[in-house]
Structure formats: structure tokens, C-alpha cells
$ cat model-v6.csv   # CSV, C-alpha atoms and all ligand atoms
chain,number,residue,atom,x,y,z
A,54,MET,CA,91.6,87.6,127.2
A,55,SER,CA,93.1,84.8,125.2
A,56,PHE,CA,93.9,84.5,121.5
A,57,GLN,CA,91.5,81.5,121.4
A,58,ALA,CA,88.6,83.7,122.5
A,59,LEU,CA,89.2,86.2,119.6
A,60,GLY,CA,88.0,83.8,116.9
A,61,LEU,CA,91.3,83.2,115.1
A,62,ASP,CA,91.8,80.2,112.7
A,63,ALA,CA,93.4,77.2,114.3
A,64,HIS,CA,96.4,77.2,112.0
A,65,ILE,CA,97.1,80.8,113.0
A,66,LEU,CA,96.7,80.0,116.7
A,67,LYS,CA,99.3,77.3,116.3
A,68,ALA,CA,101.7,79.6,114.5
A,69,ILE,CA,101.5,82.4,117.1
A,70,GLN,CA,101.9,80.0,119.9
A,71,GLU,CA,105.1,78.7,118.2
A,72,TYR,CA,106.2,82.3,117.8
A,73,GLY,CA,105.9,82.7,121.5
A,74,TYR,CA,102.9,85.0,121.9
A,75,THR,CA,100.9,84.0,125.0
A,76,GLU,CA,98.2,86.8,125.1
A,77,PRO,CA,96.9,89.5,122.8
A,78,THR,CA,98.1,93.1,123.3
A,79,PRO,CA,95.3,95.7,123.9
A,80,ILE,CA,95.2,96.8,120.2
A,81,GLN,CA,94.9,93.1,119.2
A,82,ALA,CA,92.1,92.4,121.6
A,83,ALA,CA,90.2,95.4,120.4
A,84,ALA,CA,90.8,95.2,116.6
A,85,ILE,CA,90.8,91.4,115.9
A,86,PRO,CA,87.0,90.7,116.4
A,87,PRO,CA,85.7,93.6,114.3
A,88,ILE,CA,88.1,92.9,111.5
A,89,ILE,CA,87.1,89.2,111.4
A,90,ALA,CA,83.5,90.4,111.3
A,91,GLY,CA,84.3,92.4,108.2
A,92,HIS,CA,84.2,96.0,109.5
A,93,ASP,CA,86.4,98.8,108.2
A,94,LEU,CA,88.7,100.0,111.0
A,95,ILE,CA,90.9,102.9,112.1
A,96,GLY,CA,93.6,101.9,114.5
A,97,ILE,CA,95.3,104.6,116.4
A,98,ALA,CA,98.5,102.9,117.5
A,99,GLN,CA,102.3,103.3,117.5
A,100,THR,CA,104.9,100.8,116.4
A,101,GLY,CA,105.6,98.5,119.3
A,102,THR,CA,102.0,98.0,120.3
A,103,GLY,CA,101.5,94.8,118.2
A,104,LYS,CA,99.6,96.6,115.5
A,105,THR,CA,101.0,94.4,112.7
A,106,ALA,CA,99.5,91.2,114.2
A,107,ALA,CA,96.3,93.2,115.0
A,108,PHE,CA,95.5,93.5,111.3
A,109,THR,CA,97.4,90.4,109.9
A,110,LEU,CA,95.9,87.7,112.2
A,111,PRO,CA,92.2,88.5,111.4
A,112,ILE,CA,92.9,89.0,107.7
A,113,LEU,CA,94.6,85.6,107.6
A,114,THR,CA,91.7,84.1,109.4
A,115,ARG,CA,89.3,85.4,106.7
A,116,LEU,CA,91.6,84.1,104.0
A,117,ALA,CA,91.8,80.7,105.6
A,118,ALA,CA,87.9,80.5,105.7
A,119,GLY,CA,87.4,81.7,102.1
A,120,PRO,CA,87.6,79.9,98.8
A,121,LYS,CA,90.9,79.7,97.0
A,122,THR,CA,90.8,82.2,94.2
A,123,PRO,CA,93.4,83.5,91.8
A,124,GLY,CA,94.9,87.0,92.1
A,125,THR,CA,95.9,89.2,95.1
A,126,LYS,CA,93.4,89.2,98.0
A,127,VAL,CA,95.3,91.4,100.4
A,128,LEU,CA,97.3,94.6,99.8
A,129,ILE,CA,99.3,96.2,102.6
A,130,LEU,CA,100.8,99.6,101.9
A,131,ALA,CA,103.5,100.9,104.2
A,132,PRO,CA,105.8,104.0,104.0
A,133,THR,CA,109.3,102.4,103.9
A,134,ARG,CA,111.2,99.4,102.6
A,135,GLU,CA,112.2,98.6,106.2
A,136,LEU,CA,108.6,98.5,107.3
A,137,VAL,CA,107.6,96.4,104.3
A,138,VAL,CA,110.4,93.9,105.2
A,139,GLN,CA,109.3,93.8,108.8
A,140,ILE,CA,105.7,93.3,108.0
A,141,GLU,CA,106.6,90.4,105.6
A,142,GLU,CA,108.6,88.7,108.4
A,143,ASN,CA,105.6,88.9,110.6
A,144,VAL,CA,103.1,87.7,108.0
A,145,LEU,CA,105.4,84.8,107.0
A,146,ALA,CA,105.5,83.7,110.7
A,147,TYR,CA,101.8,83.9,111.3
A,148,ALA,CA,100.9,82.3,107.9
A,149,LYS,CA,103.4,79.5,108.4
A,150,HIS,CA,100.8,76.8,108.4
A,151,LEU,CA,98.7,78.2,105.6
A,152,PRO,CA,99.3,77.7,101.9
A,153,LEU,CA,99.5,81.4,101.0
A,154,SER,CA,102.0,83.2,98.7
A,155,ILE,CA,103.4,86.6,99.7
A,156,ALA,CA,105.3,89.2,97.6
A,157,LYS,CA,107.1,92.4,98.7
A,158,VAL,CA,107.3,95.5,96.4
A,159,PHE,CA,109.6,98.5,97.2
A,160,GLY,CA,111.9,100.9,95.4
A,161,GLY,CA,115.7,101.2,95.4
A,162,VAL,CA,116.2,97.6,94.1
A,163,GLY,CA,115.7,96.0,90.7
A,164,GLU,CA,112.1,95.6,89.5
A,165,ARG,CA,112.6,92.1,87.9
A,166,PRO,CA,112.1,89.8,90.9
A,167,GLN,CA,109.1,91.9,92.0
A,168,ILE,CA,107.6,91.6,88.5
A,169,GLU,CA,108.2,87.9,88.5
A,170,ALA,CA,106.5,87.5,91.8
A,171,LEU,CA,103.5,89.5,90.7
A,172,ARG,CA,103.3,87.5,87.4
A,173,ARG,CA,103.3,84.2,89.3
A,174,GLY,CA,100.4,85.6,91.3
A,175,CYS,CA,100.4,86.1,95.1
A,176,ASP,CA,97.7,86.1,97.7
A,177,ILE,CA,99.3,88.9,99.7
A,178,VAL,CA,101.3,92.0,98.4
A,179,ILE,CA,103.2,94.2,100.9
A,180,ALA,CA,104.3,97.4,99.2
A,181,THR,CA,105.5,101.0,99.3
A,182,PRO,CA,103.2,103.1,97.2
A,183,GLY,CA,105.8,104.6,94.8
A,184,ARG,CA,107.1,101.3,93.4
A,185,LEU,CA,103.7,99.7,93.3
A,186,ILE,CA,102.4,102.5,91.2
A,187,ASP,CA,105.3,102.0,88.8
A,188,LEU,CA,104.5,98.3,88.4
A,189,MET,CA,100.7,98.9,88.2
A,190,ASP,CA,101.3,101.4,85.4
A,191,GLN,CA,103.1,98.7,83.5
A,192,ARG,CA,100.0,96.5,84.1
A,193,TYR,CA,101.6,94.1,86.6
A,194,GLY,CA,99.6,92.6,89.4
A,195,ASN,CA,96.1,91.3,89.5
A,196,PHE,CA,94.0,93.2,92.1
A,197,SER,CA,90.6,92.6,90.5
A,198,GLY,CA,89.7,90.2,93.3
A,199,LEU,CA,91.2,92.2,96.2
A,200,GLN,CA,89.3,91.8,99.5
A,201,HIS,CA,91.5,93.6,102.1
A,202,LEU,CA,93.4,96.8,101.9
A,203,VAL,CA,95.7,98.0,104.8
A,204,LEU,CA,97.2,101.4,105.1
A,205,ASP,CA,99.9,101.0,107.7
A,206,GLU,CA,101.5,104.1,109.3
A,207,ALA,CA,99.1,106.2,107.2
A,208,ASP,CA,100.2,109.4,108.8
A,209,ARG,CA,103.8,108.8,107.8
A,210,MET,CA,102.8,107.9,104.3
A,211,LEU,CA,100.9,111.3,104.0
A,212,ASP,CA,104.0,113.1,105.5
A,213,MET,CA,106.1,111.5,102.8
A,214,GLY,CA,103.9,112.8,100.0
A,215,PHE,CA,102.3,109.5,99.1
A,216,LEU,CA,98.7,110.7,99.1
A,217,PRO,CA,98.4,111.1,95.3
A,218,GLY,CA,99.9,107.6,94.8
A,219,ILE,CA,97.7,106.0,97.4
A,220,LYS,CA,94.6,107.5,95.8
A,221,ARG,CA,95.7,106.2,92.4
A,222,ILE,CA,96.3,102.7,93.8
A,223,ILE,CA,92.9,102.7,95.6
A,224,LYS,CA,91.1,103.8,92.4
A,225,ALA,CA,92.4,100.6,90.7
A,226,LEU,CA,91.0,98.3,93.5
A,227,PRO,CA,87.5,96.9,93.8
A,228,ARG,CA,85.1,99.2,95.7
A,229,LYS,CA,83.7,96.3,97.7
A,230,ARG,CA,86.6,95.5,100.0
A,231,GLN,CA,87.6,95.9,103.7
A,232,THR,CA,89.8,98.9,104.3
A,233,LEU,CA,91.9,99.1,107.5
A,234,MET,CA,94.0,102.1,108.4
A,235,PHE,CA,96.6,102.4,111.1
A,236,SER,CA,98.1,105.7,112.2
A,237,ALA,CA,100.0,107.0,115.2
A,238,THR,CA,97.9,110.1,115.2
A,239,LEU,CA,94.4,111.1,114.1
A,240,SER,CA,94.8,114.2,112.1
A,241,LYS,CA,92.4,116.1,109.8
A,242,GLU,CA,94.2,114.6,106.8
A,243,ILE,CA,93.7,111.1,108.2
A,244,GLU,CA,90.1,111.8,108.8
A,245,ALA,CA,89.7,113.0,105.2
A,246,LEU,CA,91.3,109.8,104.0
A,247,THR,CA,88.9,107.8,106.1
A,248,HIS,CA,86.0,109.7,104.8
A,249,GLU,CA,87.0,109.1,101.2
A,250,PHE,CA,88.0,105.4,101.4
A,251,GLN,CA,86.3,103.7,104.4
A,252,HIS,CA,82.8,102.6,105.1
A,253,HIS,CA,81.4,103.3,108.6
A,254,PRO,CA,84.8,102.5,110.2
A,255,LYS,CA,85.2,101.5,113.8
A,256,THR,CA,87.9,103.2,115.7
A,257,VAL,CA,90.2,101.4,118.2
A,258,GLN,CA,93.0,103.0,120.2
B,1,LIG,P1,104.4,96.0,116.1
B,1,LIG,O1,103.8,97.1,116.9
B,1,LIG,O2,103.5,95.3,115.2
B,1,LIG,O3,105.6,96.6,115.3
B,1,LIG,O4,105.0,94.8,117.0
B,1,LIG,C1,106.0,95.1,118.0
B,1,LIG,C2,106.6,93.8,118.5
B,1,LIG,O5,105.8,93.1,119.4
B,1,LIG,C3,107.0,92.8,117.4
B,1,LIG,O6,108.3,92.3,117.7
B,1,LIG,C4,106.0,91.7,117.6
B,1,LIG,O7,106.6,90.4,117.2
B,1,LIG,C5,105.7,91.7,119.1
B,1,LIG,N1,104.3,91.2,119.4
B,1,LIG,C6,103.2,91.5,118.7
B,1,LIG,N2,102.1,90.9,119.3
B,1,LIG,C7,102.6,90.3,120.4
B,1,LIG,C8,102.0,89.5,121.5
B,1,LIG,N3,100.7,89.3,121.5
B,1,LIG,N4,102.8,89.0,122.4
B,1,LIG,C9,104.1,89.2,122.4
B,1,LIG,N5,104.8,89.9,121.4
B,1,LIG,C10,104.0,90.5,120.5
$ encode --input "model-v6.csv" --output "C-alpha cells" --more "lines below"
Ligand code: AMP
Amino acid sequence: MSFQALGLDAHILKAIQEYGYTEPTPIQAAAIPPIIAGHDLIGIAQTGTGKTAAFTLPILTRLAAGPKTPGTKVLILAPTRELVVQIEENVLAYAKHLPLSIAKVFGGVGERPQIEALRRGCDIVIATPGRLIDLMDQRYGNFSGLQHLVLDEADRMLDMGFLPGIKRIIKALPRKRQTLMFSATLSKEIEALTHEFQHHPKTVQ
């Protein structure tokens, strides 16, 4: 299996080649085609399996193919600041040859730069739920045209008590969107989240 065979955009293929990836990991081979096709998806995968690229590469492919519109098209929620930073590094590398703007939002630092980034408008927002709620409550961010939502390490976000925050964020998003959820485990709580927020999701392990 090659990255070329998965249907990724040429700019993204170039970027991952430059980044040194030669072939997709199993979760990437399984997840990329259904995500490009527009399906909702549950990915049962731990850190280290290549799950970040598994959701980022197909989403970037969809963005590259779509019209340029204002506002945020992609929201990635993750449990910690460290993970947000790590995801951003990956997204920046994969989107190197695409004209996309990316903002990160997390607590423990000043709000100002994050507010400025949201004001300028960004295609992709990578955030922890707590700080994002604070900023959305102050009416920052334009999510009215959101197309893709990713809940990364969903089980950890639930363990950390982010469920009410996640629900509030999702209520503010368009109902017609693609929702991708990644979790190391498939618990009853994760299944409930899936049931509430996803539409006939495919499961990949
Ligand atoms: P993740 O599971 O997303 O945290 O990724 C774990 C590590 O694997 C990261 O350092 C990625 O850069 C790397 N990685 C992801 N996909 C590939 C691939 N197809 N080939 C080589 N390394 C990869």
C-alpha cells in the first residue's frame, strides 16, 4: 500500500515525502480513504500509531479540493496543551505546500495572541476544550462554516472531565459536518458520545 494509492492531494504527498514518510501505517491505510469519502469515523488507536496523520492528511485533501471560504473549516479538540502543540507541528508539516492558516488555543497562557489569531480568521483551529469554551463564550471564532470536527484522545478528554465542555462546543457547530473520533479504548462513554454526535460512523482499529 502506498500513500499515492490512498487518494491524497499532490501537495500533501509532496510534503509527507519531504517529511520522510515512505508508506502509510495500518491506521492510516484504513482511515484515510473513508475520511476522504466524507464518512464519520471512530479510530481505536494509541499514540505512536500515526493517528495524527490518519485524520490530518485526508482532511487537508478535502480542504485542498474545496472552495476557499472564510471562517474555520476544521476544529481539532485534544486533552492537553502538549498534544495541541504536537498536532500543530504535524499539521504545519503536512500543510506546508497549501495556503492554510492554523491557530492553537489552550489554557495556562495569555488569551490575547489566541484571540488575535481567531480574529484574523484561521482555516484550522487546534484546541483544548476549556480555553476554547472561554473564548467562544466571549464570541471569538467563526465556526459557522465548520466542515470537520476531530476529537483526539477522546477517552482522555472524558477522563479529564471535558464532556460538558465538548458538548457545549459541539452544540455551537453546524450539524452538517464530518465528525472523527480517536480513542485508545472503546468504552461505554465513548459509544455514547459516538451515538450522540456521529452519523453512521465507520470503525477502524
Ligand atoms: P502519532 O501516533 O500521530 O502520535 O504519530 C507517531 C509518530 O509517527 C510521529 O512522530 C509521526 O511523525 C510518525 N509517523 C506518522 N505516520 C508515519 C508514517 N507513515 N511513516 C513514518 N512515520 C510516521
$ atom_distance --input "model-v6.csv" --atom1 "CA of Gly174 in chain A" --atom2 "CA of Gln200 in chain A"
15.1 Å
$ residues_near_ligand --input "model-v6.csv" --ligand "ligand LIG 1 (chain B)" --cutoff "9 Å" --atoms "only C-alpha atoms and all ligand atoms" --output "list in words"
Phe56, Ile69, Tyr72, Gly73, Tyr74, Thr75, Glu76, Pro77, Thr78, Pro79, Gln81, Ala98, Gln99, Thr100, Gly101, Thr102, Gly103, Lys104, Thr105, Ala106, Ala107, Leu136, Gln139, Ile140 and Asn143 of chain A
$ atom_distance --input "model-v6.csv" --atom1 "CA of Ala207 in chain A" --atom2 "CA of Ala148 in chain A"
24.0 Å
$ atom_distance --input "model-v6.csv" --atom1 "CA of Tyr147 in chain A" --atom2 "CA of Lys224 in chain A"
29.5 Å
$ closest_residue --input "model-v6.csv" --among "A:Cys175, A:Ile85, A:Met234, A:Val257" --to "Thr122 in chain A" --atoms "only C-alpha atoms"
A:Cys175
$ closest_residue --input "model-v6.csv" --among "A:Phe159, A:Thr109, A:Met54, A:Glu249" --to "Asp205 in chain A" --atoms "only C-alpha atoms"
A:Thr109
$ closest_residue --input "model-v6.csv" --among "A:Leu59, A:Lys149, A:Leu185, A:Arg172" --to "Glu71 in chain A" --atoms "only C-alpha atoms"
A:Lys149
$ closest_residue --input "model-v6.csv" --among "A:Lys229, A:Lys126, A:His201, A:Lys157" --to "Phe108 in chain A" --atoms "only C-alpha atoms"
A:His201
$ closest_residue --input "model-v6.csv" --among "A:Leu145, A:Ile97, A:Leu113, A:Leu128" --to "Ala225 in chain A" --atoms "only C-alpha atoms"
A:Leu128
$ closest_residue --input "model-v6.csv" --among "A:Gly163, A:Pro182, A:Pro152, A:Pro87" --to "Leu204 in chain A" --atoms "all atoms listed in the file"
A:Pro182
$ residues_near_point --input "model-v6.csv" --point "(99.6, 74.2, 110.7)" --cutoff "8 Å" --atoms "all atoms listed in the file" --output "VMD selection string"
chain A and resid 63 to 65 67 to 68 149 to 151
